[in-house]
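Asks: I'd like to ask some things about the structure below.
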Amino acid sequence: MRAGIEARLSQTIRSNGLRRTRYRGLAKTHVQHVLTAIACNLTRTADWIAETPRGRTRSSRFHTLCTAAAG
């Protein structure tokens, strides 16, 4: 669960420049963050509608071992 949240935050920081704000003041910065979140959600929705395949995530060695032992 946390990995998904961290990945989304990392993508937002890299693609939309969330680390730096364009404005001074807490209220204006908050508006920028809200608009950035809306833009990310619209992008995710467009990818979902277009059925764009998501990238495969790496499995840990422990997870691979557990899967091999169960099957």
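Each chain of the structure tokens is named A, B, ... in the order shown, its residues numbered from 1; ligands are numbered from 1 in display order.
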Just list as a PyMOL selection string whatever in region 23-66 of chain A DSSP marks as helix (DSSP H, G or I).
Replies: chain A and resi 26-49+61-66
Asks: Would you mind exporting the chosen residues as a compact mmCIF listing (two decimals), in the first residue's frame, restricted to N, CA, C and O atoms?
Replies:
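Generated file (out10.txt):
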```txt
# COMPACT_ATOMS: atom_id res chain seq x y z
N LEU A 26 1.19 30.59 1.90
CA LEU A 26 0.64 29.25 2.12
C LEU A 26 -0.61 28.99 1.30
O LEU A 26 -0.79 27.91 0.75
N ALA A 27 -1.48 29.98 1.18
CA ALA A 27 -2.73 29.79 0.45
C ALA A 27 -2.47 29.54 -1.04
O ALA A 27 -3.06 28.63 -1.64
N LYS A 28 -1.59 30.32 -1.65
CA LYS A 28 -1.29 30.14 -3.07
C LYS A 28 -0.58 28.82 -3.32
O LYS A 28 -0.83 28.14 -4.32
N THR A 29 0.32 28.44 -2.41
CA THR A 29 1.02 27.16 -2.53
C THR A 29 0.04 26.01 -2.41
O THR A 29 0.13 25.03 -3.16
N HIS A 30 -0.91 26.13 -1.51
CA HIS A 30 -1.94 25.09 -1.36
C HIS A 30 -2.75 24.94 -2.64
O HIS A 30 -3.02 23.82 -3.08
N VAL A 31 -3.12 26.05 -3.25
CA VAL A 31 -3.88 25.99 -4.51
C VAL A 31 -3.06 25.30 -5.59
O VAL A 31 -3.58 24.48 -6.35
N GLN A 32 -1.76 25.60 -5.66
CA GLN A 32 -0.91 24.94 -6.65
C GLN A 32 -0.86 23.44 -6.41
O GLN A 32 -0.96 22.65 -7.35
N HIS A 33 -0.76 23.01 -5.16
CA HIS A 33 -0.71 21.58 -4.87
C HIS A 33 -2.02 20.89 -5.20
O HIS A 33 -2.04 19.77 -5.73
N VAL A 34 -3.13 21.56 -4.94
CA VAL A 34 -4.44 20.99 -5.27
C VAL A 34 -4.59 20.85 -6.78
O VAL A 34 -5.04 19.81 -7.28
N LEU A 35 -4.20 21.88 -7.53
CA LEU A 35 -4.29 21.81 -8.99
C LEU A 35 -3.35 20.74 -9.57
O LEU A 35 -3.70 20.06 -10.54
N THR A 36 -2.18 20.58 -8.96
CA THR A 36 -1.27 19.52 -9.40
C THR A 36 -1.87 18.15 -9.15
O THR A 36 -1.79 17.26 -10.00
N ALA A 37 -2.51 17.96 -8.00
CA ALA A 37 -3.16 16.69 -7.69
C ALA A 37 -4.30 16.41 -8.67
O ALA A 37 -4.48 15.27 -9.13
N ILE A 38 -5.07 17.43 -9.02
CA ILE A 38 -6.15 17.27 -9.99
C ILE A 38 -5.58 16.86 -11.35
O ILE A 38 -6.12 15.96 -12.02
N ALA A 39 -4.49 17.49 -11.76
CA ALA A 39 -3.86 17.14 -13.04
C ALA A 39 -3.38 15.69 -13.04
O ALA A 39 -3.55 14.96 -14.03
N CYS A 40 -2.80 15.24 -11.93
CA CYS A 40 -2.34 13.84 -11.84
C CYS A 40 -3.52 12.88 -11.91
O CYS A 40 -3.44 11.84 -12.58
N ASN A 41 -4.60 13.21 -11.24
CA ASN A 41 -5.77 12.34 -11.27
C ASN A 41 -6.39 12.30 -12.65
O ASN A 41 -6.86 11.24 -13.10
N LEU A 42 -6.40 13.42 -13.36
CA LEU A 42 -6.92 13.42 -14.74
C LEU A 42 -6.05 12.57 -15.66
O LEU A 42 -6.57 11.84 -16.52
N THR A 43 -4.75 12.64 -15.45
CA THR A 43 -3.83 11.81 -16.25
C THR A 43 -4.07 10.33 -15.96
O THR A 43 -4.13 9.52 -16.89
N ARG A 44 -4.23 9.99 -14.69
CA ARG A 44 -4.49 8.59 -14.33
C ARG A 44 -5.81 8.11 -14.90
O ARG A 44 -5.92 6.98 -15.38
N THR A 45 -6.84 8.97 -14.87
CA THR A 45 -8.14 8.61 -15.41
C THR A 45 -8.06 8.41 -16.92
O THR A 45 -8.64 7.46 -17.46
N ALA A 46 -7.35 9.26 -17.61
CA ALA A 46 -7.19 9.12 -19.06
C ALA A 46 -6.46 7.82 -19.40
O ALA A 46 -6.83 7.12 -20.35
N ASP A 47 -5.42 7.49 -18.62
CA ASP A 47 -4.71 6.22 -18.85
C ASP A 47 -5.61 5.03 -18.56
O ASP A 47 -5.54 4.01 -19.25
N TRP A 48 -6.47 5.14 -17.56
CA TRP A 48 -7.38 4.05 -17.22
C TRP A 48 -8.41 3.85 -18.32
O TRP A 48 -8.71 2.71 -18.71
N ILE A 49 -8.94 4.94 -18.86
CA ILE A 49 -9.94 4.85 -19.93
C ILE A 49 -9.30 4.28 -21.20
O ILE A 49 -9.90 3.45 -21.89
N ARG A 61 13.01 -10.69 -3.21
CA ARG A 61 13.46 -12.08 -3.18
C ARG A 61 12.59 -12.91 -2.25
O ARG A 61 12.30 -14.07 -2.52
N PHE A 62 12.17 -12.31 -1.15
CA PHE A 62 11.32 -13.01 -0.19
C PHE A 62 9.97 -13.35 -0.83
O PHE A 62 9.45 -14.45 -0.67
N HIS A 63 9.40 -12.41 -1.56
CA HIS A 63 8.12 -12.64 -2.23
C HIS A 63 8.25 -13.74 -3.27
O HIS A 63 7.38 -14.61 -3.40
N THR A 64 9.33 -13.72 -4.02
CA THR A 64 9.56 -14.78 -5.03
C THR A 64 9.71 -16.13 -4.37
O THR A 64 9.17 -17.13 -4.86
N LEU A 65 10.42 -16.19 -3.24
CA LEU A 65 10.59 -17.44 -2.50
C LEU A 65 9.24 -17.95 -1.99
O LEU A 65 8.95 -19.16 -2.10
N CYS A 66 8.42 -17.07 -1.45
CA CYS A 66 7.11 -17.46 -0.93
C CYS A 66 6.20 -17.97 -2.04
O CYS A 66 5.47 -18.93 -1.88
```
